[in-house]
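Scroll down for the structure; my scribbles are underneath it.
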Amino acid sequence: MPQKKTGTPGGASRRRWWRLRQRWRMLGVFEINAEHEFYHLTAKIKEGMRASIQVTVDTPDQDTLTAEHFKAEESQTHEGCVMQTFAAPVFAKLRNSLAITEEEYMNSLCSDGYYLQFVSNSKSKADFFITNDKRFFIKTQSRREVKFLLSNLQGYVDHLEKYPHSLLVRFLGLHRIVIPNETKKYFIVMQSVFYPDERINIRYDIKGCEVGRWTNPDTGGKQIIKILKDNNFKGQYIELGQEKTWFTHQVKIDTAFLRDLNVLDYSLLLGHQPLHKDELAGKHSLADLVLRTTKSLDDSASYPPSVPLLGEPSGEQVPASRGSGSGPLQPTDDKGIELQDMSSPAKESRSDSELQEFNKHHRRLLPNFKNAIHVVDGTERRYFVGIIDIFTVYSLKKRLENFWKSICYPGRQFSTVSPTKYSHRFCQWIQDNSQ
């Protein structure tokens, strides 16, 4: 009688790796292995990034950024390429504000695992790469976009310091790689809005208009992630419950910042996944409230340490937590967080002044979750949200495009409009499609 072959640890590991690769393919990402056209480029990016990040590891943290930090440029020569790094101290500080250590950053961007190529229905001509753990996005940029970012980097940093829970995409590094006789590319490193993405079941790119804003959801059997658009979202809502007011208010603040930069054509990247029963139950626990309060305070040292987290003991109980945030809060004369019965669900009639200290410092109670800045827990779903593509300026070319589209689409809503009109319409869409 033939004996069964005993499985080896190596065989089990290979099977797990095969299943993971198959899953990646189903999700529209492809390994940039040695046979891929971008393998040489991404290998050089890793090499250059490792050396660049090591410089910041070896450099003391900058407590205060100066004008020179924003103008800083460094070049490092490697075998077969040159890597330029822009404003390294500034981006290091931004990473630190998100509690991303330089070691974590290096391990993700420079791991032995292949980068992944993101394949979508986006019209962008840029190349998109994702780190093997899907935590960080690498996107190639034009020289104009890089110049725009650097010229407005101080304002961007100031905005995030004032509004640490802003929905704007987080830029974490800016570089240029030169491979002689082959390519020259600027690229930016961003925190992925959709991280971790294992359970995200749908994704949208929202601009708040109608012309050209529908995508056929049928993939035709192709290995591609379909990013749906505004018209695909009709009849649906972002169901946030008490989080709606905070969310809509923060969108207004962020779009006002972009309007002042004369920017248009940005998008709200939106994905969601169902909340499990244990996650829904956990939102109303004392332990969850304490963890989320700590997380919300720890993400920036600028928050005054004297702010009371909980009121003085008075026999009252801790309130049910608010998913992932507080909603807009008006300052009152009360101190600390008003305490309520934690055994019952959050009540819609609860006072908006409940977390007034967080509101004073433009904060919300972050979820106890990775990538918390881009996560908002609604009534039944966990939403992944971020405002992306913030480099399009209302230039003469865009003004002419606006004139032409006004003729082609009279009375209809298209994306190329003035920044003031764009931000107003964008905010109105968020207001109308949130509950």
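FYI, nothing fancy with the structure tokens labels: chains A, B, ... in order, residues from 1 per chain, ligands from 1 as they appear.
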**OP:** Please identify which residues in region 215-247 of chain A DSSP calls helix (DSSP H, G or I) from the backbone, and express them as a list in words.
**Re:**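 Those in region 215-247 of chain A that DSSP calls helix (DSSP H, G or I) are Asp230, Asn231, Asn232, Phe233, Glu243, Lys244, Thr245, Trp246 and Phe247 of chain A.
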Subject >> Neighbour list for Gln62 (chain A) as a PyMOL selection string, cut-off 9 Å, only C-alpha atoms, skip fewer than 3 positions in-chain >> reply: chain A and resi 59+65+89-90+92-93
Just N, CA and C atoms for this one: save the residues we selected as a PDB file, in the first residue's frame.
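Output file out-v7.pdb is given in full below:
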```
ATOM      1  N   THR A  59      20.003  60.968  10.877  1.00  0.00           N
ATOM      2  CA  THR A  59      19.924  62.401  11.164  1.00  0.00           C
ATOM      3  C   THR A  59      18.955  62.649  12.316  1.00  0.00           C
ATOM      4  N   LEU A  65      10.945  73.074  11.569  1.00  0.00           N
ATOM      5  CA  LEU A  65      11.341  73.135  10.164  1.00  0.00           C
ATOM      6  C   LEU A  65      11.651  74.580   9.782  1.00  0.00           C
ATOM      7  N   PRO A  89      13.898  66.496   5.246  1.00  0.00           N
ATOM      8  CA  PRO A  89      13.468  66.713   6.640  1.00  0.00           C
ATOM      9  C   PRO A  89      11.966  66.956   6.776  1.00  0.00           C
ATOM     10  N   VAL A  90      11.389  67.593   5.764  1.00  0.00           N
ATOM     11  CA  VAL A  90       9.960  67.899   5.814  1.00  0.00           C
ATOM     12  C   VAL A  90       9.139  66.615   5.741  1.00  0.00           C
ATOM     13  N   ALA A  92      10.159  63.602   6.335  1.00  0.00           N
ATOM     14  CA  ALA A  92      10.438  62.776   7.515  1.00  0.00           C
ATOM     15  C   ALA A  92       9.531  63.185   8.670  1.00  0.00           C
ATOM     16  N   LYS A  93       9.329  64.485   8.813  1.00  0.00           N
ATOM     17  CA  LYS A  93       8.449  64.985   9.885  1.00  0.00           C
ATOM     18  C   LYS A  93       6.994  64.590   9.614  1.00  0.00           C
TER      19      LYS A  93
END
```
Subject >> CA of Glu210 (chain A) to CA of Lys226 (chain A), distance in Å rounded to a single decimal >> reply: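 Going from CA of Glu210 (chain A) over to CA of Lys226 (chain A), I get 17.9 Å.
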**OP:** Rank A:Tyr266, A:Phe187, A:Phe136, A:Phe118 by their smallest atom-to-atom distance to Ile227 (chain A), using only C-alpha atoms, and report the top residue only.
**Re:**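 Closest to Ile227 (chain A), using only C-alpha atoms: A:Phe118.
Distance-wise, CA of Gln435 (chain A) and CA of Lys229 (chain A) end up 18.9 Å apart.
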Original post:
A:Thr245, A:Thr140, A:Thr101, A:Ser151: which is nearest Ala67 (chain A), counting only C-alpha atoms?
Top reply: A:Ser151
Strand (DSSP E) call set, DSSP backbone run, region 9-116 of chain A, as a PDB file with N, CA and C atoms, in the first residue's frame:
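Contents of result-v2.pdb, as written:
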```pdb
ATOM      1  N   VAL A  29      -3.637  43.729  -9.256  1.00  0.00           N
ATOM      2  CA  VAL A  29      -2.245  44.111  -9.080  1.00  0.00           C
ATOM      3  C   VAL A  29      -1.360  42.957  -9.553  1.00  0.00           C
ATOM      4  N   PHE A  30      -0.210  43.318 -10.097  1.00  0.00           N
ATOM      5  CA  PHE A  30       0.663  42.322 -10.692  1.00  0.00           C
ATOM      6  C   PHE A  30       2.078  42.497 -10.170  1.00  0.00           C
ATOM      7  N   GLU A  31       2.720  41.416  -9.864  1.00  0.00           N
ATOM      8  CA  GLU A  31       4.089  41.474  -9.388  1.00  0.00           C
ATOM      9  C   GLU A  31       5.020  42.022 -10.458  1.00  0.00           C
ATOM     10  N   GLU A  73      17.801  69.678  -1.167  1.00  0.00           N
ATOM     11  CA  GLU A  73      17.944  68.696  -2.239  1.00  0.00           C
ATOM     12  C   GLU A  73      19.215  67.893  -1.985  1.00  0.00           C
ATOM     13  N   GLU A  74      19.102  66.585  -2.121  1.00  0.00           N
ATOM     14  CA  GLU A  74      20.259  65.722  -1.953  1.00  0.00           C
ATOM     15  C   GLU A  74      20.333  64.762  -3.135  1.00  0.00           C
ATOM     16  N   SER A  75      21.541  64.503  -3.618  1.00  0.00           N
ATOM     17  CA  SER A  75      21.754  63.545  -4.705  1.00  0.00           C
ATOM     18  C   SER A  75      22.704  62.463  -4.231  1.00  0.00           C
ATOM     19  N   GLN A  76      22.362  61.244  -4.522  1.00  0.00           N
ATOM     20  CA  GLN A  76      23.206  60.103  -4.188  1.00  0.00           C
ATOM     21  C   GLN A  76      23.427  59.268  -5.443  1.00  0.00           C
ATOM     22  N   THR A  77      24.679  58.954  -5.692  1.00  0.00           N
ATOM     23  CA  THR A  77      25.036  58.175  -6.882  1.00  0.00           C
ATOM     24  C   THR A  77      25.187  56.710  -6.516  1.00  0.00           C
ATOM     25  N   HIS A  78      24.523  55.877  -7.279  1.00  0.00           N
ATOM     26  CA  HIS A  78      24.595  54.433  -7.085  1.00  0.00           C
ATOM     27  C   HIS A  78      25.039  53.792  -8.399  1.00  0.00           C
ATOM     28  N   CYS A  81      22.614  54.435 -11.463  1.00  0.00           N
ATOM     29  CA  CYS A  81      21.549  55.423 -11.306  1.00  0.00           C
ATOM     30  C   CYS A  81      21.955  56.513 -10.326  1.00  0.00           C
ATOM     31  N   VAL A  82      21.214  57.607 -10.386  1.00  0.00           N
ATOM     32  CA  VAL A  82      21.364  58.703  -9.428  1.00  0.00           C
ATOM     33  C   VAL A  82      19.996  58.967  -8.821  1.00  0.00           C
ATOM     34  N   MET A  83      19.931  59.069  -7.498  1.00  0.00           N
ATOM     35  CA  MET A  83      18.671  59.348  -6.803  1.00  0.00           C
ATOM     36  C   MET A  83      18.730  60.720  -6.163  1.00  0.00           C
ATOM     37  N   GLN A  84      17.765  61.561  -6.521  1.00  0.00           N
ATOM     38  CA  GLN A  84      17.620  62.873  -5.885  1.00  0.00           C
ATOM     39  C   GLN A  84      16.468  62.820  -4.891  1.00  0.00           C
ATOM     40  N   THR A  85      16.664  63.454  -3.760  1.00  0.00           N
ATOM     41  CA  THR A  85      15.634  63.508  -2.719  1.00  0.00           C
ATOM     42  C   THR A  85      15.362  64.971  -2.395  1.00  0.00           C
ATOM     43  N   PHE A  86      14.090  65.340  -2.364  1.00  0.00           N
ATOM     44  CA  PHE A  86      13.692  66.727  -2.140  1.00  0.00           C
ATOM     45  C   PHE A  86      13.041  66.881  -0.764  1.00  0.00           C
ATOM     46  N   LEU A 116       4.342  45.948  -6.645  1.00  0.00           N
ATOM     47  CA  LEU A 116       3.174  45.528  -7.396  1.00  0.00           C
ATOM     48  C   LEU A 116       2.770  46.660  -8.332  1.00  0.00           C
TER      49      LEU A 116
END
```
**OP:** Would you mind listing what lies within 8 Å of Arg259 (chain A) as a PyMOL selection string, with only C-alpha atoms counted and same-chain residues fewer than 5 positions away left out?
**Re:** chain A and resi 264+419-420+423
Convert the current residue selection to file output with N, CA, C and O atoms, as a JSON list (two decimals), in the first residue's frame.
```json
[["chain", "number", "residue", "atom", "x", "y", "z"],
["A", 264, "LEU", "N", -8.27, 72.46, -8.92],
["A", 264, "LEU", "CA", -9.54, 71.82, -9.24],
["A", 264, "LEU", "C", -9.28, 70.36, -9.63],
["A", 264, "LEU", "O", -8.13, 69.89, -9.60],
["A", 419, "PRO", "N", -12.01, 76.87, -9.57],
["A", 419, "PRO", "CA", -11.82, 76.24, -8.25],
["A", 419, "PRO", "C", -12.92, 76.57, -7.25],
["A", 419, "PRO", "O", -13.29, 75.72, -6.44],
["A", 420, "THR", "N", -13.46, 77.80, -7.30],
["A", 420, "THR", "CA", -14.54, 78.16, -6.38],
["A", 420, "THR", "C", -15.79, 77.33, -6.66],
["A", 420, "THR", "O", -16.40, 76.78, -5.73],
["A", 423, "SER", "N", -15.11, 73.51, -5.76],
["A", 423, "SER", "CA", -15.15, 73.17, -4.32],
["A", 423, "SER", "C", -16.57, 73.21, -3.78],
["A", 423, "SER", "O", -16.97, 72.35, -2.99]]
```
Original post:
Which is closest to Asp133 (chain A) among A:Gly220, A:Gly235, A:Gly155, A:Pro196, if we use only C-alpha atoms?
Top reply: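 Closest to Asp133 (chain A), using only C-alpha atoms: A:Pro196.
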Original post:
Which residues come within 9 Å of region 260-263 of chain A, counting only C-alpha atoms, excluding same-chain residues fewer than 4 positions away, as an MDAnalysis selection string?
Top reply: chainID A and resid 152 255:256 390:395 418:420 422
Skipping near chain neighbours, those fewer than 5 positions away, what residues fall within 6 Å of region 165-177 of chain A using only C-alpha atoms, listed as a short mmCIF file (atom, residue, chain, number, x, y, z; two decimals) with N, CA, C and O atoms, in the first residue's frame?
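File written: result12.cif
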```cif
data_model
loop_
_atom_site.label_atom_id
_atom_site.label_comp_id
_atom_site.auth_asym_id
_atom_site.auth_seq_id
_atom_site.Cartn_x
_atom_site.Cartn_y
_atom_site.Cartn_z
N VAL A 82 21.21 57.61 -10.39
CA VAL A 82 21.36 58.70 -9.43
C VAL A 82 20.00 58.97 -8.82
O VAL A 82 18.99 59.07 -9.54
N MET A 83 19.93 59.07 -7.50
CA MET A 83 18.67 59.35 -6.80
C MET A 83 18.73 60.72 -6.16
O MET A 83 19.63 61.02 -5.39
N GLN A 84 17.77 61.56 -6.52
CA GLN A 84 17.62 62.87 -5.88
C GLN A 84 16.47 62.82 -4.89
O GLN A 84 15.43 62.21 -5.17
N THR A 85 16.66 63.45 -3.76
CA THR A 85 15.63 63.51 -2.72
C THR A 85 15.36 64.97 -2.39
O THR A 85 16.28 65.75 -2.18
N PHE A 86 14.09 65.34 -2.36
CA PHE A 86 13.69 66.73 -2.14
C PHE A 86 13.04 66.88 -0.76
O PHE A 86 12.22 66.06 -0.35
N PHE A 91 9.47 65.76 4.78
CA PHE A 91 8.70 64.53 4.62
C PHE A 91 8.96 63.56 5.77
O PHE A 91 8.07 62.79 6.16
N ARG A 95 6.05 61.90 8.03
CA ARG A 95 5.95 60.47 8.36
C ARG A 95 5.85 60.28 9.87
O ARG A 95 5.05 59.47 10.36
N LYS A 184 14.40 59.10 -16.90
CA LYS A 184 14.44 60.09 -15.82
C LYS A 184 13.01 60.26 -15.34
O LYS A 184 12.14 60.59 -16.13
N LYS A 185 12.79 60.00 -14.09
CA LYS A 185 11.41 60.07 -13.57
C LYS A 185 11.38 60.71 -12.19
O LYS A 185 12.17 60.37 -11.31
N TYR A 186 10.43 61.66 -12.03
CA TYR A 186 10.09 62.14 -10.70
C TYR A 186 9.03 61.18 -10.15
O TYR A 186 8.17 60.68 -10.89
N PHE A 187 9.08 60.93 -8.86
CA PHE A 187 8.02 60.13 -8.27
C PHE A 187 7.79 60.56 -6.83
O PHE A 187 8.66 61.11 -6.16
N ILE A 188 6.57 60.32 -6.39
CA ILE A 188 6.16 60.68 -5.04
C ILE A 188 5.68 59.43 -4.31
O ILE A 188 5.11 58.53 -4.93
N VAL A 189 5.95 59.38 -3.02
CA VAL A 189 5.48 58.27 -2.18
C VAL A 189 4.30 58.77 -1.36
O VAL A 189 4.37 59.84 -0.75
N MET A 190 3.21 58.03 -1.38
CA MET A 190 2.00 58.41 -0.66
C MET A 190 1.54 57.27 0.23
O MET A 190 1.78 56.09 -0.08
N GLN A 191 0.86 57.61 1.29
CA GLN A 191 0.19 56.58 2.07
C GLN A 191 -1.04 56.12 1.31
O GLN A 191 -1.83 56.94 0.85
N ARG A 363 -9.93 67.77 15.76
CA ARG A 363 -9.68 66.33 15.82
C ARG A 363 -10.98 65.55 15.95
O ARG A 363 -12.03 66.09 16.24
N ILE A 373 -6.17 57.61 9.80
CA ILE A 373 -6.47 58.93 9.23
C ILE A 373 -7.46 58.82 8.08
O ILE A 373 -8.31 59.69 7.89
N GLY A 386 -10.23 59.54 1.17
CA GLY A 386 -9.09 60.44 1.05
C GLY A 386 -9.25 61.32 -0.17
O GLY A 386 -9.78 60.88 -1.20
N ILE A 387 -8.81 62.56 -0.07
CA ILE A 387 -8.87 63.49 -1.20
C ILE A 387 -7.54 63.42 -1.93
O ILE A 387 -6.48 63.68 -1.36
N ILE A 388 -7.59 63.06 -3.21
CA ILE A 388 -6.39 62.80 -4.00
C ILE A 388 -6.35 63.68 -5.25
O ILE A 388 -7.30 64.41 -5.55
#
```
**OP:** Just give me the gap between CA of Pro410 (chain A) and CA of Arg213 (chain A) in Å, one decimal is fine.
**Re:**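 Calculated distance between CA of Pro410 (chain A) and CA of Arg213 (chain A) is 16.3 Å.
The residue that comes closest to Gln250 (chain A), out of A:Tyr114, A:Tyr409, A:Tyr163, A:Tyr383 and on the basis of only C-alpha atoms, is A:Tyr163.
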Original post:
Excluding same-chain residues fewer than 5 positions from Lys370 (chain A), what lies within 12 Å of it counting only C-alpha atoms, as a PyMOL selection string?
Top reply: chain A and resi 98-100+135+191-197+292+295+375-376+384
